[in-house]
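> Below is one structure. I have some questions about it.
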Amino acid sequence: MNIGKQFKEGLLTKNPVFVQLLGMCSSLAITTSMFNGLGMGISVTLILICSNVFISALRKVIPSNIRIAAYIVIIAGFVTMVDLLLQAFLPALSENLGVFIPLIVVNCIILGRAEAFASKNGVLASAFDGLFQGIGYTMAITIMSIIREFLGAGTFGGGVLNGGEGIRILPEGYPALQMVMPVGGFLALGFLIAGFQWLMKKMEEKQKEGVK
């Protein structure tokens, strides 16, 4: 188990959104405010950790020919728990995220980590994998949420700061409302992926120069 490598993969080299391009539905649909981005990110992280641990613990018991079905049942159980907790303690967030919380059951990030990592590694390593992949996902959609909220609504911290209204940065009438619409999601995601890939390339070049 290499925690440093797992951390780097989750945030950078195998970032679920910017590198693996997984979880695109939620990344495009709910990233209209920081509140939504953080809420979805934390929810996915909790489900990733719990499902990874459970699947890893049962990896030698689950028959290989029904493993995907078993993974979905396990993930669905944790998704239901998170969904009910949100409805009970954060009803505003639950309403904002809507159907995208139940859809975590078939989120490619959760199923992908279950198949690629948890089913082949120990419980502790799988827990760290879920944590770091979740942090990478949360980081990505939170950055996207902040950008879309700022450009589309002119505020920062909507749903969290200033009584939920967010801190107004741009005067009303100046923001580009298209950024909180579907087209804004595609534009923001495209520019962020391009910027992230450019940054990764620069880091690789510096690393090669350091080796020389």
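By order of appearance in the structure tokens: chains A, B, ..., then residues from 1 within every chain, and ligands from 1 in the order shown.
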Quick one: everything within 10 Å of A:Ile68, counting only C-alpha atoms, minus sequence neighbours fewer than 4 positions away in the same chain. Send it as a PyMOL selection string.

chain A and resi 62-64+72-74+111+114-115

> Can you list, as an NGL selection string, every residue of stretch 10-209 of chain A that DSSP puts in strand (DSSP E)?

:A and (155-156 or 167-168)

> Please dump the current selection as a PDB file, in the first residue's frame; keep all heavy atoms.


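That gives us out_3.pdb:
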```
ATOM      1  N   THR A 155     -22.048  35.571  -7.526  1.00  0.00           N
ATOM      2  CA  THR A 155     -21.893  35.374  -6.088  1.00  0.00           C
ATOM      3  C   THR A 155     -20.845  34.303  -5.794  1.00  0.00           C
ATOM      4  O   THR A 155     -20.414  33.568  -6.683  1.00  0.00           O
ATOM      5  CB  THR A 155     -23.226  34.957  -5.442  1.00  0.00           C
ATOM      6  OG1 THR A 155     -23.682  33.727  -6.036  1.00  0.00           O
ATOM      7  CG2 THR A 155     -24.282  36.035  -5.630  1.00  0.00           C
ATOM      8  N   PHE A 156     -20.475  34.221  -4.514  1.00  0.00           N
ATOM      9  CA  PHE A 156     -19.555  33.175  -4.054  1.00  0.00           C
ATOM     10  C   PHE A 156     -20.135  32.557  -2.791  1.00  0.00           C
ATOM     11  O   PHE A 156     -20.577  33.262  -1.880  1.00  0.00           O
ATOM     12  CB  PHE A 156     -18.173  33.759  -3.746  1.00  0.00           C
ATOM     13  CG  PHE A 156     -17.243  32.794  -3.060  1.00  0.00           C
ATOM     14  CD1 PHE A 156     -16.607  31.797  -3.795  1.00  0.00           C
ATOM     15  CD2 PHE A 156     -17.023  32.857  -1.684  1.00  0.00           C
ATOM     16  CE1 PHE A 156     -15.758  30.887  -3.173  1.00  0.00           C
ATOM     17  CE2 PHE A 156     -16.175  31.957  -1.063  1.00  0.00           C
ATOM     18  CZ  PHE A 156     -15.539  30.970  -1.807  1.00  0.00           C
ATOM     19  N   ILE A 167     -22.042  35.525  -1.093  1.00  0.00           N
ATOM     20  CA  ILE A 167     -21.474  36.874  -1.079  1.00  0.00           C
ATOM     21  C   ILE A 167     -21.491  37.418  -2.501  1.00  0.00           C
ATOM     22  O   ILE A 167     -20.875  36.836  -3.393  1.00  0.00           O
ATOM     23  CB  ILE A 167     -20.031  36.851  -0.528  1.00  0.00           C
ATOM     24  CG1 ILE A 167     -20.029  36.305   0.902  1.00  0.00           C
ATOM     25  CG2 ILE A 167     -19.413  38.245  -0.587  1.00  0.00           C
ATOM     26  CD1 ILE A 167     -18.649  36.037   1.451  1.00  0.00           C
ATOM     27  N   ARG A 168     -22.187  38.533  -2.708  1.00  0.00           N
ATOM     28  CA  ARG A 168     -22.271  39.105  -4.052  1.00  0.00           C
ATOM     29  C   ARG A 168     -20.964  39.784  -4.402  1.00  0.00           C
ATOM     30  O   ARG A 168     -20.468  40.646  -3.680  1.00  0.00           O
ATOM     31  CB  ARG A 168     -23.432  40.095  -4.168  1.00  0.00           C
ATOM     32  CG  ARG A 168     -23.507  40.746  -5.556  1.00  0.00           C
ATOM     33  CD  ARG A 168     -24.897  41.188  -5.897  1.00  0.00           C
ATOM     34  NE  ARG A 168     -25.823  40.070  -6.036  1.00  0.00           N
ATOM     35  CZ  ARG A 168     -25.878  39.289  -7.123  1.00  0.00           C
ATOM     36  NH1 ARG A 168     -25.058  39.485  -8.148  1.00  0.00           N
ATOM     37  NH2 ARG A 168     -26.742  38.304  -7.181  1.00  0.00           N
TER      38      ARG A 168
END
```

> Excluding same-chain residues fewer than 6 positions from A:Ala118, what lies within 6 Å of it counting only C-alpha atoms, as a ChimeraX atom specification?

/A:52,56,126

> Which residues are near stretch 133-139 of chain A? Cut-off 6 Å, only C-alpha atoms, ignore same chain within fewer than 2 positions. Put them as a list in words.

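Once the nearby chain positions are removed, what remains is Gly10, Leu11, Asn15, Pro16, Gly41, Thr45, Asp129, Gly130, Leu131, Ile141 and Thr142 of chain A.
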
> Write a file of the selected residues as a PDB file, in the first residue's frame, keeping C-alpha atoms.


```
ATOM      1  CA  GLY A  10      -6.877  10.640  -6.710  1.00  0.00           C
ATOM      2  CA  LEU A  11      -6.090  14.338  -7.001  1.00  0.00           C
ATOM      3  CA  ASN A  15      -8.571  12.448 -11.126  1.00  0.00           C
ATOM      4  CA  PRO A  16     -12.092  11.062 -11.714  1.00  0.00           C
ATOM      5  CA  GLY A  41     -18.663  15.721  -3.448  1.00  0.00           C
ATOM      6  CA  THR A  45     -16.769  10.470  -0.974  1.00  0.00           C
ATOM      7  CA  ASP A 129      -8.550   4.736  -2.403  1.00  0.00           C
ATOM      8  CA  GLY A 130     -12.166   5.736  -1.806  1.00  0.00           C
ATOM      9  CA  LEU A 131     -11.089   8.725   0.287  1.00  0.00           C
ATOM     10  CA  ILE A 141     -16.759  19.729  -9.001  1.00  0.00           C
ATOM     11  CA  THR A 142     -16.284  22.360  -6.277  1.00  0.00           C
TER      12      THR A 142
END
```

> Between A:Ala29, A:Pro175, A:Val44, A:Ser119, which has the minimum distance to A:Val61 (counting only C-alpha atoms)?

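Looking only at the distances to A:Val61, the closest residue turns out to be A:Ser119.
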